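> Can you keep this structure in mind? I'll have questions shortly.
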Amino acid sequence: MPQENTRKRMRQGRTKAAAADVSASSVAQGSLGPPPMAAGSGSSENGMVHDSEFWLGDGTITLTAQDVAFKVHKGPLLEMSPVFGDMLSFPQPEDAQVHSCPIVALPDSPHDLRHLLRALMPNKTSNKNNRFGTELGTFAAATACVRLGHKYQIDPLVEEALKSLRKLYPSDFDSFRRTHDRAPPPTSAIAVVNIARLTGADYLLPVALAECCRLGAAIVHGFLREDGTREHLSAFDLGLCFQAKEKLIEARVEAVARVFSPDILDEDDENCQADGMDASDVPDFFWTLANGSVSGLCTPHVWESVMPLLRRSMPDVCVKCKKVLRDEELHQQRRIFQHLPALVGVVVDGWGLIPQAQHRGHGNNGKNKDGKGKSSGTRRIGHTS
């Protein structure tokens, strides 16, 4: 009971703080200067641009974000968000209302707010299984809804958005293999790491941090959001990436060595359609790797560096032997994935298991151990897809 009371007080304090922060920025529509017109907006009035998608004639609240005004029904906001409820409970100055319709200025991106409203406002795509419609189907929408959903305590929306992100940055190997065609650009992982830290969704961290390790010097430029702003990794997570990159390279080099180890194929195997030649070619290829004659072997692009030499050295591998090599490569990938949290310096409870219904607040918020802070074309850890 004392623990529940403590959590309740913390939640109430967070709600009041968020509401007060937004309420303090609430201003009358006409008091804002005329900044540039934002994309996705319609007519303008008094220096504000009416959003072309969310300007409802019978709307009961006007939300402003930068230079864009959104007039919507406040019912869904009050139903889903305790922050909006507290915010509107404050007395509104007369100049912050038009025809009894309160005007609330939000310190958010209009792009993010538009995604939030698309998810919350009833529409033809809503259904009983997914009350937020199809809005969470894009990376930009999912990340925006996590950020604002967390800020305004719209927990069901945060849960659904995190589910969408987990499909792209999964915690089980089979799901990871299936994400190859849907994987977002590598810099997107920066946003995912930050979201994982924000929400405690530590299961997103291993794959996201591993993806960040692919960026090289570009990691310092951050992730470019659709509104033109950039977000960056924290200094702590940047340090994790520097350490993890070396460990991921070592793991991949070891995996390649195991795939092409001299004893992987049996020279006396009667099923070999190349009369045992494959079994002799593999050791030759292995020693070529061991002699350091493959450029780029000790980089995050190990497999991509190996493939050209493999095609030249073993152009006619029989179907049976090729399957043996592919099965071993898959086994090594699974082994690396299972150890991925340790490789990138975080601890994740239940890593490698098929995700359950709960998606938020698991584990230890992705802290490190000290408590701080298939064939080519398959998505690989720490490699270009």
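Each chain in the structure tokens gets a letter, A, B and so on, in the order shown; residues start at 1 in every chain, and ligands are counted from 1 in the order they appear.
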Write out as JSON, numbers by chain all residues of range 37-277 of chain A that DSSP puts in alpha helix (DSSP H) for this structure's backbone.

{"A": [75, 76, 77, 78, 79, 80, 82, 83, 84, 85, 86, 87, 88, 89, 110, 111, 112, 113, 114, 115, 116, 117, 118, 119, 120, 139, 140, 141, 142, 143, 144, 145, 146, 147, 148, 149, 150, 151, 155, 156, 157, 158, 159, 160, 161, 162, 163, 164, 165, 166, 167, 168, 173, 174, 175, 176, 177, 178, 188, 189, 190, 191, 192, 193, 194, 195, 196, 197, 198, 199, 205, 206, 207, 208, 209, 210, 211, 212, 235, 236, 237, 238, 239, 240, 241, 242, 243, 244, 245, 246, 247, 248, 249, 250, 251, 252, 253, 254, 255, 256, 257, 258, 259, 277]}

> Give me the residues within 9 Å of Phe223 in chain A as number ranges by chain, counting only C-alpha atoms and dropping any in the same chain fewer than 4 places off.

A: 187-191, 219, 229-233

> May I have a table of the residues of range 149-212 of chain A lying at most 12 Å from range 137-145 of chain A, giving each one's closest pair of atoms and their distance in Å to one decimal, counting only C-alpha atoms, ordered by chain and ascending residue number, as a Markdown table?


| residue | atom | partner | partner_atom | distance |
| --- | --- | --- | --- | --- |
| A:Gly149 | CA | A:Cys145 | CA | 5.3 |
| A:His150 | CA | A:Cys145 | CA | 7.9 |
| A:Lys151 | CA | A:Cys145 | CA | 9.6 |
| A:Tyr152 | CA | A:Cys145 | CA | 10.1 |
| A:Gln153 | CA | A:Cys145 | CA | 10.8 |
| A:Ile154 | CA | A:Cys145 | CA | 9.1 |
| A:Asp155 | CA | A:Cys145 | CA | 10.3 |
| A:Pro156 | CA | A:Cys145 | CA | 10.5 |
| A:Leu157 | CA | A:Cys145 | CA | 6.9 |
| A:Val158 | CA | A:Cys145 | CA | 6.6 |
| A:Glu159 | CA | A:Cys145 | CA | 9.8 |
| A:Glu160 | CA | A:Ala142 | CA | 8.4 |
| A:Ala161 | CA | A:Ala142 | CA | 4.8 |
| A:Leu162 | CA | A:Ala142 | CA | 7.3 |
| A:Lys163 | CA | A:Ala142 | CA | 9.0 |
| A:Ser164 | CA | A:Ala142 | CA | 6.7 |
| A:Leu165 | CA | A:Ala142 | CA | 6.9 |
| A:Arg166 | CA | A:Ala142 | CA | 10.5 |
| A:Lys167 | CA | A:Gly137 | CA | 10.6 |
| A:Leu168 | CA | A:Phe139 | CA | 9.0 |
| A:Tyr169 | CA | A:Phe139 | CA | 11.3 |
| A:Arg182 | CA | A:Phe139 | CA | 10.4 |
| A:Ala183 | CA | A:Phe139 | CA | 10.0 |
| A:Pro184 | CA | A:Phe139 | CA | 7.7 |
| A:Pro185 | CA | A:Phe139 | CA | 10.2 |
| A:Thr187 | CA | A:Phe139 | CA | 12.0 |
| A:Ser188 | CA | A:Phe139 | CA | 8.4 |
| A:Ala189 | CA | A:Phe139 | CA | 10.6 |
| A:Ile190 | CA | A:Thr143 | CA | 11.3 |
| A:Ala191 | CA | A:Thr143 | CA | 7.6 |
| A:Val192 | CA | A:Thr143 | CA | 7.7 |
| A:Val193 | CA | A:Thr143 | CA | 11.0 |
| A:Asn194 | CA | A:Thr143 | CA | 10.0 |
| A:Ile195 | CA | A:Thr143 | CA | 7.5 |
| A:Ala196 | CA | A:Thr143 | CA | 10.5 |
| A:Leu198 | CA | A:Thr143 | CA | 11.4 |
| A:Thr199 | CA | A:Thr143 | CA | 11.5 |

> Nearest residue to Val68 in chain A out of A:Asp172, A:Arg114, A:Pro82, A:Met87, using only C-alpha atoms?

A:Arg114

> Which of these, A:Val49, A:Val348, A:His331, A:Pro186, has the shortest distance to Leu224 in chain A once you count only C-alpha atoms?

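Ranked by minimum distance to Leu224 in chain A, first place goes to A:Pro186.
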
> Distance CA of Gly350 in chain A-CA of Phe236 in chain A, one decimal place?

23.7 Å

> Mind giving me the straight-line distance from CA of Leu205 in chain A to CA of Arg147 in chain A in Å, one decimal?

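These two atoms are separated by 16.5 Å.
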